[in-house]
$ cat work.cif   # mmCIF, C-alpha atoms
data_final
loop_
_atom_site.label_atom_id
_atom_site.label_comp_id
_atom_site.auth_asym_id
_atom_site.auth_seq_id
_atom_site.Cartn_x
_atom_site.Cartn_y
_atom_site.Cartn_z
CA MET A 1 23.62 -31.26 -15.95
CA THR A 2 23.54 -30.28 -12.34
CA ARG A 3 22.90 -26.96 -10.83
CA PHE A 4 25.84 -24.90 -9.74
CA GLY A 5 25.62 -23.16 -6.39
CA THR A 6 23.54 -23.66 -3.25
CA GLN A 7 22.24 -21.81 -0.25
CA GLY A 8 24.13 -24.04 2.19
CA ARG A 9 26.83 -22.55 4.32
CA ILE A 10 30.15 -24.30 3.82
CA ALA A 11 28.89 -25.89 0.65
CA ALA A 12 28.08 -22.42 -0.61
CA VAL A 13 31.69 -21.42 -0.24
CA VAL A 14 33.08 -24.59 -1.64
CA LEU A 15 30.71 -24.64 -4.54
CA LEU A 16 31.33 -20.99 -5.26
CA THR A 17 27.92 -19.75 -4.33
CA ILE A 18 27.28 -17.11 -6.81
CA THR A 19 23.90 -15.63 -6.61
CA GLY A 20 22.85 -12.30 -7.79
CA HIS A 21 20.78 -9.28 -7.16
CA ALA A 22 17.79 -7.89 -8.87
CA SER A 23 19.72 -6.09 -11.53
CA ARG A 24 18.53 -5.38 -15.01
CA ALA A 25 21.27 -5.36 -17.61
CA GLN A 26 21.56 -1.74 -18.57
CA SER A 27 21.64 -0.47 -22.10
CA ALA A 28 24.10 2.25 -22.92
CA PRO A 29 22.65 5.70 -23.36
CA PRO A 30 22.48 6.82 -26.98
CA THR A 31 25.72 8.35 -28.19
CA PRO A 32 25.54 11.51 -30.24
CA ALA A 33 26.96 11.19 -33.73
CA ILE A 34 30.71 11.35 -33.57
CA SER A 35 33.38 11.13 -36.20
CA ALA A 36 35.95 8.37 -35.99
CA ASP A 37 38.55 11.04 -36.86
CA THR A 38 38.13 12.51 -33.38
CA VAL A 39 38.80 9.18 -31.66
CA ALA A 40 42.41 8.51 -30.75
CA VAL A 41 43.48 4.87 -30.61
CA PRO A 42 46.75 3.31 -29.53
CA SER A 43 49.11 1.62 -31.90
CA LEU A 44 48.41 -2.08 -32.16
CA ALA A 45 51.90 -2.93 -33.34
CA PHE A 46 53.85 -5.25 -31.09
CA ASP A 47 56.53 -7.87 -31.19
CA GLU A 48 54.68 -11.10 -30.45
CA GLN A 49 56.12 -13.25 -27.67
CA PRO A 50 55.02 -16.76 -26.69
CA GLU A 51 53.72 -15.65 -23.30
CA MET A 52 51.45 -13.13 -25.04
CA VAL A 53 49.95 -15.82 -27.23
CA LYS A 54 49.01 -17.83 -24.16
CA ALA A 55 46.86 -14.93 -22.95
CA TYR A 56 45.10 -14.21 -26.25
CA ASP A 57 41.97 -15.87 -24.86
CA LYS A 58 41.68 -12.86 -22.54
CA TYR A 59 43.29 -10.04 -24.53
CA PHE A 60 42.11 -9.44 -28.06
CA TYR A 61 40.25 -6.93 -30.21
CA TYR A 62 37.45 -7.27 -32.72
CA HIS A 63 37.47 -6.48 -36.40
CA ARG A 64 35.09 -6.95 -39.29
CA ASP A 65 35.74 -6.10 -42.90
CA GLY A 66 33.49 -3.59 -44.61
CA THR A 67 32.15 -2.12 -41.37
CA THR A 68 31.66 1.56 -40.70
CA PHE A 69 32.60 3.20 -37.45
CA ALA A 70 28.94 3.85 -36.68
CA GLU A 71 28.01 0.22 -37.29
CA ALA A 72 30.87 -1.06 -35.15
CA LEU A 73 30.00 1.31 -32.33
CA SER A 74 26.35 0.30 -32.43
CA ASP A 75 27.36 -3.38 -32.36
CA LEU A 76 29.76 -2.91 -29.48
CA GLN A 77 27.19 -0.96 -27.49
CA GLU A 78 24.57 -3.63 -28.05
CA CYS A 79 26.94 -6.38 -26.99
CA ASP A 80 28.14 -4.36 -24.02
CA GLY A 81 24.47 -4.17 -23.03
CA TYR A 82 24.36 -7.95 -22.89
CA ALA A 83 27.61 -8.13 -20.97
CA ARG A 84 27.16 -5.49 -18.28
CA GLY A 85 25.25 -5.58 -15.02
CA LEU A 86 25.89 -9.29 -14.66
CA ALA A 87 24.25 -10.86 -11.68
CA TYR A 88 27.01 -13.12 -10.40
CA ARG A 89 27.48 -11.35 -7.12
CA ILE A 90 27.94 -12.57 -3.57
CA LYS A 91 26.14 -10.42 -1.06
CA PRO A 92 25.18 -10.83 2.57
CA ASP A 93 21.79 -12.26 3.28
CA PRO A 94 19.93 -10.27 5.91
CA ASP A 95 17.59 -13.21 6.50
CA ASP A 96 20.40 -15.55 7.49
CA PRO A 97 19.72 -16.75 11.06
CA LEU A 98 23.30 -16.13 12.06
CA VAL A 99 22.99 -12.54 10.96
CA LYS A 100 19.69 -12.10 12.72
CA ASN A 101 20.61 -13.80 15.96
CA SER A 102 24.12 -12.57 16.56
CA PRO A 103 25.15 -8.97 17.27
CA ILE A 104 28.37 -9.44 15.31
CA GLY A 105 26.84 -11.63 12.62
CA PRO A 106 26.12 -8.80 10.20
CA VAL A 107 29.69 -7.60 10.37
CA PHE A 108 31.16 -11.00 9.69
CA GLU A 109 28.59 -11.65 7.00
CA ALA A 110 29.46 -8.40 5.23
CA ILE A 111 33.20 -8.95 5.44
CA GLY A 112 32.96 -12.53 4.34
CA ALA A 113 30.67 -11.80 1.44
CA ARG A 114 33.01 -9.06 0.28
CA TRP A 115 35.99 -11.40 0.37
CA ALA A 116 34.08 -14.17 -1.31
CA ASP A 117 32.81 -11.86 -4.02
CA LYS A 118 36.30 -10.63 -4.69
CA MET A 119 37.66 -14.15 -4.87
CA PHE A 120 34.83 -15.87 -6.68
CA GLY A 121 32.29 -13.37 -7.90
CA VAL A 122 34.71 -11.07 -9.70
CA PRO A 123 36.39 -13.82 -11.75
CA GLU A 124 32.99 -15.26 -12.60
CA ARG A 125 31.68 -11.91 -13.79
CA ARG A 126 34.83 -11.33 -15.77
CA LYS A 127 34.49 -14.70 -17.45
CA ALA A 128 30.79 -14.18 -18.13
CA ARG A 129 31.42 -10.74 -19.64
CA ARG A 130 34.08 -12.14 -21.92
CA THR A 131 31.75 -14.96 -22.96
CA ASN A 132 28.84 -12.65 -23.69
CA MET A 133 30.96 -10.25 -25.72
CA ARG A 134 32.44 -13.13 -27.72
CA VAL A 135 29.03 -14.67 -28.34
CA CYS A 136 27.42 -11.40 -29.37
CA MET A 137 30.25 -10.01 -31.48
CA GLY A 138 30.92 -13.43 -32.95
CA TYR A 139 27.34 -13.82 -34.11
CA LYS A 140 27.68 -10.39 -35.68
CA GLY A 141 30.54 -11.69 -37.76
CA TYR A 142 33.49 -10.03 -36.04
CA GLN A 143 36.82 -11.78 -35.86
CA ARG A 144 39.24 -11.62 -32.95
CA TYR A 145 42.92 -10.71 -33.01
CA GLY A 146 45.30 -11.15 -30.09
CA LEU A 147 46.99 -8.36 -28.19
CA PRO A 148 49.48 -8.06 -25.36
CA GLN A 149 47.80 -7.21 -22.08
CA ALA A 150 49.34 -3.73 -21.83
CA ILE A 151 47.94 -2.59 -25.19
CA TRP A 152 44.59 -4.23 -24.49
CA GLN A 153 44.27 -2.35 -21.19
CA SER A 154 44.80 0.98 -22.89
CA PHE A 155 41.39 0.86 -24.62
CA ASN A 156 39.44 -1.90 -22.88
CA PHE A 157 37.83 -2.08 -19.46
CA ASP A 158 37.15 -4.77 -16.94
CA ASP A 159 33.94 -4.02 -15.07
CA ALA A 160 33.92 -7.18 -12.99
CA ALA A 161 35.25 -5.49 -9.87
CA THR A 162 34.36 -1.87 -10.47
CA ALA A 163 32.41 -0.58 -13.43
CA PRO A 164 34.02 2.35 -15.24
CA ALA A 165 32.28 5.69 -15.32
CA GLU A 166 29.81 5.74 -18.19
CA ALA A 167 31.74 8.41 -20.08
CA ASP A 168 34.92 6.35 -19.85
CA ARG A 169 33.08 3.22 -20.95
CA GLN A 170 31.69 4.96 -24.02
CA LYS A 171 35.06 6.46 -24.85
CA MET A 172 36.66 3.02 -24.85
CA LEU A 173 33.82 1.54 -26.87
CA MET A 174 34.46 4.24 -29.46
CA GLN A 175 38.14 3.36 -29.53
CA GLN A 176 37.23 -0.30 -29.98
CA ALA A 177 34.80 0.66 -32.73
CA LYS A 178 37.42 2.63 -34.62
CA ILE A 179 39.77 -0.33 -34.50
CA ALA A 180 36.99 -2.79 -35.37
CA SER A 181 36.13 -0.77 -38.48
CA GLY A 182 39.67 0.10 -39.44
CA PRO A 183 42.16 -1.55 -41.74
CA ARG A 184 42.19 -5.32 -41.77
CA PRO A 185 44.72 -6.62 -39.24
CA LEU A 186 47.85 -8.18 -40.65
CA LYS A 187 47.92 -10.87 -38.00
CA THR A 188 46.03 -14.14 -38.18
CA GLU A 189 42.61 -14.13 -36.57
CA LEU A 190 42.03 -16.18 -33.45
CA LYS A 191 39.93 -19.31 -33.67
CA MET B 1 47.34 -15.06 0.13
CA ARG B 2 44.26 -16.10 -1.85
CA LEU B 3 44.23 -19.41 0.01
CA LEU B 4 44.37 -17.60 3.32
CA GLN B 5 41.53 -15.33 2.32
CA ALA B 6 39.45 -18.29 1.25
CA ALA B 7 40.16 -20.09 4.49
CA LEU B 8 39.23 -17.06 6.53
CA ALA B 9 36.01 -16.62 4.66
CA LEU B 10 35.25 -20.29 5.15
CA LEU B 11 35.96 -20.32 8.84
CA LEU B 12 34.66 -17.01 9.96
CA LEU B 13 31.64 -16.44 7.91
CA PRO B 14 28.49 -18.15 6.86
CA LEU B 15 28.14 -17.43 3.24
CA ILE B 16 24.46 -17.44 2.90
CA CYS B 17 23.92 -15.22 -0.01
CA LYS B 18 20.88 -13.24 -0.81
CA SER B 19 18.93 -14.92 -3.56
CA ALA B 20 19.08 -13.59 -7.06
CA VAL B 21 15.91 -12.59 -8.81
CA ALA B 22 13.77 -15.66 -8.24
CA VAL B 23 10.77 -16.21 -10.46
CA ASP B 24 7.80 -18.34 -9.50
CA TYR B 25 7.97 -22.05 -9.96
CA ALA B 26 5.53 -23.34 -12.52
CA GLU B 27 2.64 -25.52 -11.46
CA HIS B 28 3.78 -29.01 -12.38
CA VAL B 29 1.64 -32.03 -13.19
CA THR B 30 3.26 -35.00 -11.50
CA GLY B 31 2.07 -38.17 -9.81
CA ASN B 32 1.16 -41.42 -11.50
CA GLY B 33 -2.56 -41.44 -11.97
CA PRO B 34 -4.88 -40.08 -14.65
CA VAL B 35 -4.41 -36.47 -15.63
CA THR B 36 -7.25 -33.98 -15.30
CA ILE B 37 -6.99 -31.02 -17.63
CA ASP B 38 -8.28 -27.77 -16.19
CA PRO B 39 -10.08 -26.04 -19.08
CA THR B 40 -9.02 -22.64 -17.78
CA LYS B 41 -5.32 -23.47 -17.85
CA ALA B 42 -2.85 -24.06 -20.64
CA TYR B 43 -0.34 -26.89 -20.47
CA ILE B 44 3.18 -27.06 -21.86
CA ALA B 45 5.00 -30.36 -22.31
CA PHE B 46 8.67 -30.82 -23.17
CA ARG B 47 11.30 -33.51 -22.95
CA ILE B 48 14.90 -33.50 -21.82
CA LEU B 49 17.45 -36.26 -21.50
CA GLN B 50 18.88 -34.94 -18.24
CA LYS B 51 16.78 -33.42 -15.48
CA SER B 52 17.11 -29.68 -15.33
CA GLU B 53 15.20 -26.42 -15.12
CA PHE B 54 14.01 -24.06 -17.82
CA ARG B 55 12.34 -20.69 -17.80
CA PHE B 56 9.29 -19.73 -19.80
CA GLU B 57 8.14 -16.15 -20.12
CA ARG B 58 4.58 -15.21 -20.95
CA LEU B 59 4.62 -12.14 -23.15
CA PRO B 60 2.74 -9.48 -21.18
CA SER B 61 -0.03 -7.33 -22.55
CA ASN B 62 0.39 -3.57 -22.89
CA GLU B 63 -1.77 -3.14 -19.81
CA GLU B 64 0.43 -5.49 -17.81
CA ILE B 65 3.52 -3.62 -18.92
CA ALA B 66 1.95 -0.32 -17.92
CA GLN B 67 1.11 -1.75 -14.49
CA TYR B 68 4.69 -2.92 -14.09
CA ASP B 69 6.01 0.54 -14.97
CA GLN B 70 3.63 2.08 -12.46
CA ASP B 71 4.72 -0.31 -9.72
CA ARG B 72 8.35 0.35 -10.49
CA ARG B 73 7.87 4.11 -10.31
CA ALA B 74 6.06 3.77 -6.99
CA ALA B 75 8.84 1.60 -5.59
CA PHE B 76 11.43 4.11 -6.77
CA ASP B 77 9.55 6.97 -5.12
CA ASP B 78 9.44 5.04 -1.85
CA TYR B 79 13.15 4.30 -2.13
CA LYS B 80 13.96 7.97 -2.68
CA LYS B 81 11.94 8.96 0.36
CA LYS B 82 14.00 6.61 2.47
CA LYS B 83 17.33 7.20 0.73
CA PRO B 84 17.24 10.55 -1.05
CA LYS B 85 20.86 10.26 -2.09
CA GLY B 86 20.90 6.52 -2.64
CA ASN B 87 21.99 5.00 -5.95
CA ASP B 88 21.38 1.30 -5.32
CA PHE B 89 17.71 1.09 -6.17
CA GLU B 90 16.75 -2.42 -7.25
CA PHE B 91 13.57 -3.68 -8.81
CA ASP B 92 12.97 -7.03 -10.40
CA PRO B 93 13.02 -6.92 -14.20
CA LEU B 94 9.78 -7.03 -16.15
CA GLU B 95 10.49 -10.56 -17.29
CA ALA B 96 10.58 -11.86 -13.73
CA ARG B 97 6.96 -10.91 -13.18
CA PHE B 98 5.77 -12.94 -16.15
CA SER B 99 8.12 -15.89 -16.07
CA VAL B 100 7.86 -19.31 -14.52
CA ASN B 101 10.61 -21.78 -13.89
CA THR B 102 10.22 -25.50 -14.21
CA GLN B 103 11.44 -27.55 -11.29
CA ILE B 104 14.02 -30.26 -11.73
CA GLY B 105 12.37 -32.92 -9.62
CA LYS B 106 8.79 -32.54 -10.83
CA ILE B 107 8.78 -35.20 -13.52
CA PHE B 108 5.57 -35.99 -15.34
CA ASP B 109 6.64 -39.11 -17.17
CA LYS B 110 9.62 -40.88 -18.64
CA GLN B 111 9.49 -41.95 -22.26
CA ASP B 112 12.24 -43.40 -24.44
CA GLY B 113 14.84 -42.51 -21.83
CA GLN B 114 13.76 -38.87 -21.69
CA TYR B 115 12.12 -37.01 -18.84
CA VAL B 116 8.79 -35.48 -19.74
CA TYR B 117 7.78 -32.33 -17.88
CA LEU B 118 4.23 -31.01 -17.96
CA ILE B 119 3.39 -27.61 -16.51
CA ALA B 120 0.09 -25.77 -16.15
CA VAL B 121 0.28 -22.08 -16.99
CA LYS B 122 -1.92 -19.10 -17.66
CA PRO B 123 -2.95 -19.19 -21.33
CA GLY B 124 -0.98 -16.87 -23.55
CA THR B 125 2.02 -16.52 -25.81
CA TYR B 126 5.13 -18.00 -24.30
CA VAL B 127 8.82 -17.67 -24.99
CA LEU B 128 11.35 -20.38 -24.24
CA TYR B 129 13.44 -17.87 -22.29
CA GLY B 130 16.42 -19.90 -21.23
CA HIS B 131 18.04 -22.67 -19.30
CA MET B 132 17.79 -21.03 -15.92
CA TRP B 133 17.47 -22.09 -12.34
CA GLN B 134 14.74 -20.67 -10.20
CA GLU B 135 17.12 -19.02 -7.78
CA GLY B 136 19.92 -18.42 -10.23
CA PRO B 137 22.21 -17.36 -11.54
CA GLY B 138 24.56 -20.19 -11.38
CA ASP B 139 27.29 -20.71 -13.84
CA MET B 140 24.96 -22.89 -15.90
CA ASP B 141 22.31 -20.25 -16.49
CA THR B 142 21.87 -19.31 -20.13
CA CYS B 143 19.41 -16.84 -21.57
CA PHE B 144 18.40 -17.47 -25.16
CA CYS B 145 18.54 -13.71 -25.52
CA MET B 146 19.90 -13.68 -29.04
CA GLY B 147 17.25 -15.90 -30.56
CA THR B 148 14.59 -18.31 -29.41
CA VAL B 149 11.01 -19.34 -30.15
CA LYS B 150 7.57 -18.28 -29.05
CA PHE B 151 4.33 -20.20 -29.21
CA GLU B 152 0.72 -20.04 -28.12
CA ALA B 153 -0.33 -22.07 -25.12
CA ALA B 154 -4.11 -22.33 -25.35
CA ALA B 155 -6.48 -23.04 -22.51
CA GLY B 156 -7.51 -26.65 -22.12
CA LYS B 157 -4.74 -27.89 -24.42
CA VAL B 158 -1.37 -29.54 -23.95
CA THR B 159 1.15 -27.79 -26.18
CA ASP B 160 3.98 -30.19 -26.97
CA LEU B 161 7.27 -28.39 -27.52
CA GLY B 162 9.25 -31.48 -28.30
CA ARG B 163 12.71 -32.09 -26.92
CA ILE B 164 15.28 -29.63 -25.71
CA ARG B 165 18.72 -30.99 -26.47
CA MET B 166 21.16 -29.78 -23.84
CA PRO B 167 24.81 -29.08 -24.69
CA ASP B 168 26.15 -32.17 -23.00
CA ASP B 169 23.52 -34.66 -24.17
CA TRP B 170 25.21 -37.69 -25.58
CA ASP B 171 22.60 -39.46 -27.65
CA VAL B 172 22.29 -37.17 -30.66
CA PRO B 173 25.05 -35.39 -32.53
CA ALA B 174 26.19 -32.08 -31.10
CA PRO B 175 25.68 -28.92 -33.14
CA PRO B 176 28.60 -26.58 -33.89
CA ALA B 177 29.77 -24.50 -30.96
CA ASN B 178 28.88 -20.83 -30.63
CA PRO B 179 31.51 -18.08 -31.06
CA ALA B 180 32.65 -18.54 -27.45
CA GLY B 181 33.21 -22.25 -28.04
CA ILE B 182 30.13 -23.29 -26.08
CA LEU B 183 27.66 -25.79 -27.48
CA PRO B 184 24.19 -24.29 -27.92
CA PHE B 185 20.83 -25.64 -26.88
CA VAL B 186 18.71 -27.21 -29.61
CA LEU B 187 14.93 -27.41 -29.66
CA ILE B 188 13.79 -30.46 -31.61
CA PRO B 189 10.07 -30.05 -32.37
CA PRO B 190 7.96 -33.17 -32.00
CA ALA B 191 7.43 -35.34 -35.02
CA THR B 192 4.04 -34.89 -36.63
CA PRO B 193 1.50 -36.28 -36.71
CA LEU B 194 1.79 -36.48 -32.95
CA ARG B 195 1.52 -39.87 -31.34
CA PRO B 196 1.18 -39.10 -27.64
CA ALA B 197 2.67 -41.84 -25.56
CA GLY B 198 2.67 -42.81 -21.92
CA ARG B 199 0.72 -40.47 -19.68
CA LEU B 200 0.13 -38.06 -22.55
CA GLN B 201 -2.17 -40.57 -24.22
CA GLY B 202 -5.77 -39.44 -24.24
CA LEU B 203 -4.91 -35.85 -23.45
CA PRO B 204 -5.67 -32.96 -25.83
CA VAL B 205 -2.06 -32.72 -27.06
CA GLU B 206 -1.11 -30.51 -29.98
CA PRO B 207 2.32 -29.73 -31.39
CA ALA B 208 3.54 -26.24 -30.57
CA VAL B 209 3.26 -23.85 -33.48
CA LEU B 210 6.67 -22.25 -33.16
CA HIS B 211 7.67 -18.81 -34.35
CA ALA B 212 11.02 -17.08 -34.26
CA MET B 213 11.39 -14.73 -31.32
CA ASP B 214 13.45 -11.59 -31.70
CA LYS B 215 16.40 -10.73 -29.49
CA MET B 216 15.64 -9.92 -25.84
CA PRO B 217 17.57 -7.96 -23.22
CA ASN B 218 19.69 -9.87 -20.74
CA SER B 219 17.52 -8.76 -17.87
CA PHE B 220 18.70 -11.41 -15.43
CA GLY B 221 22.38 -10.72 -16.10
CA VAL B 222 23.43 -14.21 -17.12
CA VAL B 223 25.40 -15.84 -19.91
CA ILE B 224 23.69 -15.37 -23.27
CA ASP B 225 23.29 -17.48 -26.37
CA ARG B 226 20.58 -18.37 -28.84
CA LEU B 227 18.77 -21.54 -29.87
CA PHE B 228 20.27 -23.46 -32.74
CA PRO B 229 18.37 -22.82 -36.01
CA ILE B 230 15.18 -24.81 -36.52
CA PRO B 231 14.32 -25.52 -40.17
CA GLY B 232 11.23 -23.62 -41.21
CA VAL B 233 10.99 -21.87 -37.85
CA LEU B 234 14.14 -20.10 -36.74
CA ALA B 235 17.06 -18.88 -38.79
CA TYR B 236 19.74 -16.23 -38.54
CA GLU B 237 21.57 -13.81 -40.77
CA ARG B 238 24.58 -13.12 -38.62
CA ASP B 239 22.93 -11.92 -35.39
CA LYS B 240 19.62 -11.04 -36.96
CA VAL B 241 16.77 -13.37 -36.12
CA VAL B 242 14.96 -14.51 -39.23
CA ASP B 243 11.49 -15.94 -39.28
CA PRO B 244 11.34 -18.14 -42.39
CA LYS B 245 7.57 -17.97 -42.22
CA SER B 246 7.70 -14.27 -42.99
CA THR B 247 10.16 -11.74 -44.28
CA ALA B 248 10.49 -10.26 -40.80
CA ARG B 249 14.03 -9.47 -39.63
CA SER B 250 15.15 -8.35 -36.23
CA ARG B 251 17.06 -5.11 -35.96
#
$ encode --input "work.cif" --output "structure tokens"
Amino acid sequence: MTRFGTQGRIAAVVLLTITGHASRAQSAPPTPAISADTVAVPSLAFDEQPEMVKAYDKYFYYHRDGTTFAEALSDLQECDGYARGLAYRIKPDPDDPLVKNSPIGPVFEAIGARWADKMFGVPERRKARRTNMRVCMGYKGYQRYGLPQAIWQSFNFDDAATAPAEADRQKMLMQQAKIASGPRPLKTELK
Amino acid sequence: MRLLQAALALLLLPLICKSAVAVDYAEHVTGNGPVTIDPTKAYIAFRILQKSEFRFERLPSNEEIAQYDQDRRAAFDDYKKKKPKGNDFEFDPLEARFSVNTQIGKIFDKQDGQYVYLIAVKPGTYVLYGHMWQEGPGDMDTCFCMGTVKFEAAAGKVTDLGRIRMPDDWDVPAPPANPAGILPFVLIPPATPLRPAGRLQGLPVEPAVLHAMDKMPNSFGVVIDRLFPIPGVLAYERDKVVDPKSTARSR
């Protein structure tokens, strides 16, 4: 098993250099007790189309029988803690000789790193977040059920490019928790 | 458009990226000659089929944690003096200060087709933290955040962990995949009684006394998983880490 990524120049681009910053995965602040009755969730009813099924690996929700709203929220917050603040980020290196020795180096470095992060870092963080949530929620015994992208986006967030405001994140986690602890879905769970 | 952006990035810009949180490399025992054991150091031995890098964390004392907190506060105060309105303060996680990474090329021996690594560390209680590269993260970095093992590494002793089976090892059957469809890492403790072979012969080698280690935060921001269960050592009830040697349960 070989290492992915390098500090070389062209090779770094080609090999999707994805290094990170000194970031500690943040835990969500404690949420005051809240009733699931006050949480509004969208309808999950939809007419399944083949193209939707193809995207179920990205768009799905969690559910576990016999779970309370409080338990589901606690689980989602814990798993979100594992999945946020991911370190796959491409940033300029101030110690790079080209940056140090050229008056325009820092500008190019910054622009290039921003492009590269958008093209390579963002998808990698998105993939890693999805993996961590699936691992964590899966070990907790939650099943997954597919959704069309539009419904998924109404109560889920993608923090790979820009993290949502904390209040918005917690609101969506509560929506996910209400669904995760609600009636058993009629559709077949995803494998 | 994406191709054009990639080409522009490639042509215009050197993509030297600032390193991620890098932990210290462990002190490796390599070479070919006789091994001298430093009585003040602890030694950890493990085997892998394919060369790679792993991270071990020494569990810090309360005093060491307090010192870390103090250093972090001081660094934050300095940051605020320079950038009163800044919100990008960074400080290496606690685990970085007390972790060491093995180094892929520093082989100690080769036995039965497996690479044996031997590192010298400060005596203490160690956690097999994850499959992580020193300057990670790369896409192959995995923290065993949801369950792993800890063990004592005593001064003047070689603590033999056994073999770490990596997900794509081909010589032993693969375990079931995790909920994301990824094969987990498996720690296979050494058979006892130990029969040290090769360069380990004649050294004070003892099998690691393994204990289940509770869940840990994903402080390095990498992909997470947990070690596959180890009979008598590490079990799970859903996501709760179970130590079969006690009735302890993680939260």
$ resolve_selection --input "work.cif" --expression "the PyMOL selection byres ((chain A and resi 58) around 12)" --output "JSON, numbers by chain"
{"A": [52, 53, 54, 55, 56, 57, 59, 60, 61, 126, 127, 128, 129, 130, 131, 133, 134, 144, 145, 146, 147, 148, 149, 150, 152, 153, 156, 157, 158, 190], "B": [180]}
$ atom_distance --input "work.cif" --atom1 "CA of Ile48 in chain B" --atom2 "CA of Pro184 in chain B"
14.4 Å
$ resolve_selection --input "work.cif" --expression "the PyMOL selection byres ((chain A and resi 181) around 7)" --output "PyMOL selection string"
chain A and resi 63-65+67-69+72+177-180+182-183
$ write_last_selection --input "work.cif" --atoms "C-alpha atoms" --output "PDB file, in the coordinates of the input"
ATOM      1  CA  HIS A  63      37.470  -6.480 -36.400  1.00  0.00           C
ATOM      2  CA  ARG A  64      35.090  -6.950 -39.290  1.00  0.00           C
ATOM      3  CA  ASP A  65      35.740  -6.100 -42.900  1.00  0.00           C
ATOM      4  CA  THR A  67      32.150  -2.120 -41.370  1.00  0.00           C
ATOM      5  CA  THR A  68      31.660   1.560 -40.700  1.00  0.00           C
ATOM      6  CA  PHE A  69      32.600   3.200 -37.450  1.00  0.00           C
ATOM      7  CA  ALA A  72      30.870  -1.060 -35.150  1.00  0.00           C
ATOM      8  CA  ALA A 177      34.800   0.660 -32.730  1.00  0.00           C
ATOM      9  CA  LYS A 178      37.420   2.630 -34.620  1.00  0.00           C
ATOM     10  CA  ILE A 179      39.770  -0.330 -34.500  1.00  0.00           C
ATOM     11  CA  ALA A 180      36.990  -2.790 -35.370  1.00  0.00           C
ATOM     12  CA  GLY A 182      39.670   0.100 -39.440  1.00  0.00           C
ATOM     13  CA  PRO A 183      42.160  -1.550 -41.740  1.00  0.00           C
TER      14      PRO A 183
END
$ atom_distance --input "work.cif" --atom1 "CA of Tyr43 in chain B" --atom2 "CA of Tyr236 in chain B"
29.0 Å
$ closest_residue --input "work.cif" --among "A:Asn132, A:Ser74, A:Gln49, A:Ser35" --to "chain B" --atoms "all atoms listed in the file"
A:Asn132
$ closest_residue --input "work.cif" --among "B:Tyr79, B:Lys122, B:Gly181, B:Leu59" --to "Thr40 in chain B" --atoms "only C-alpha atoms"
B:Lys122
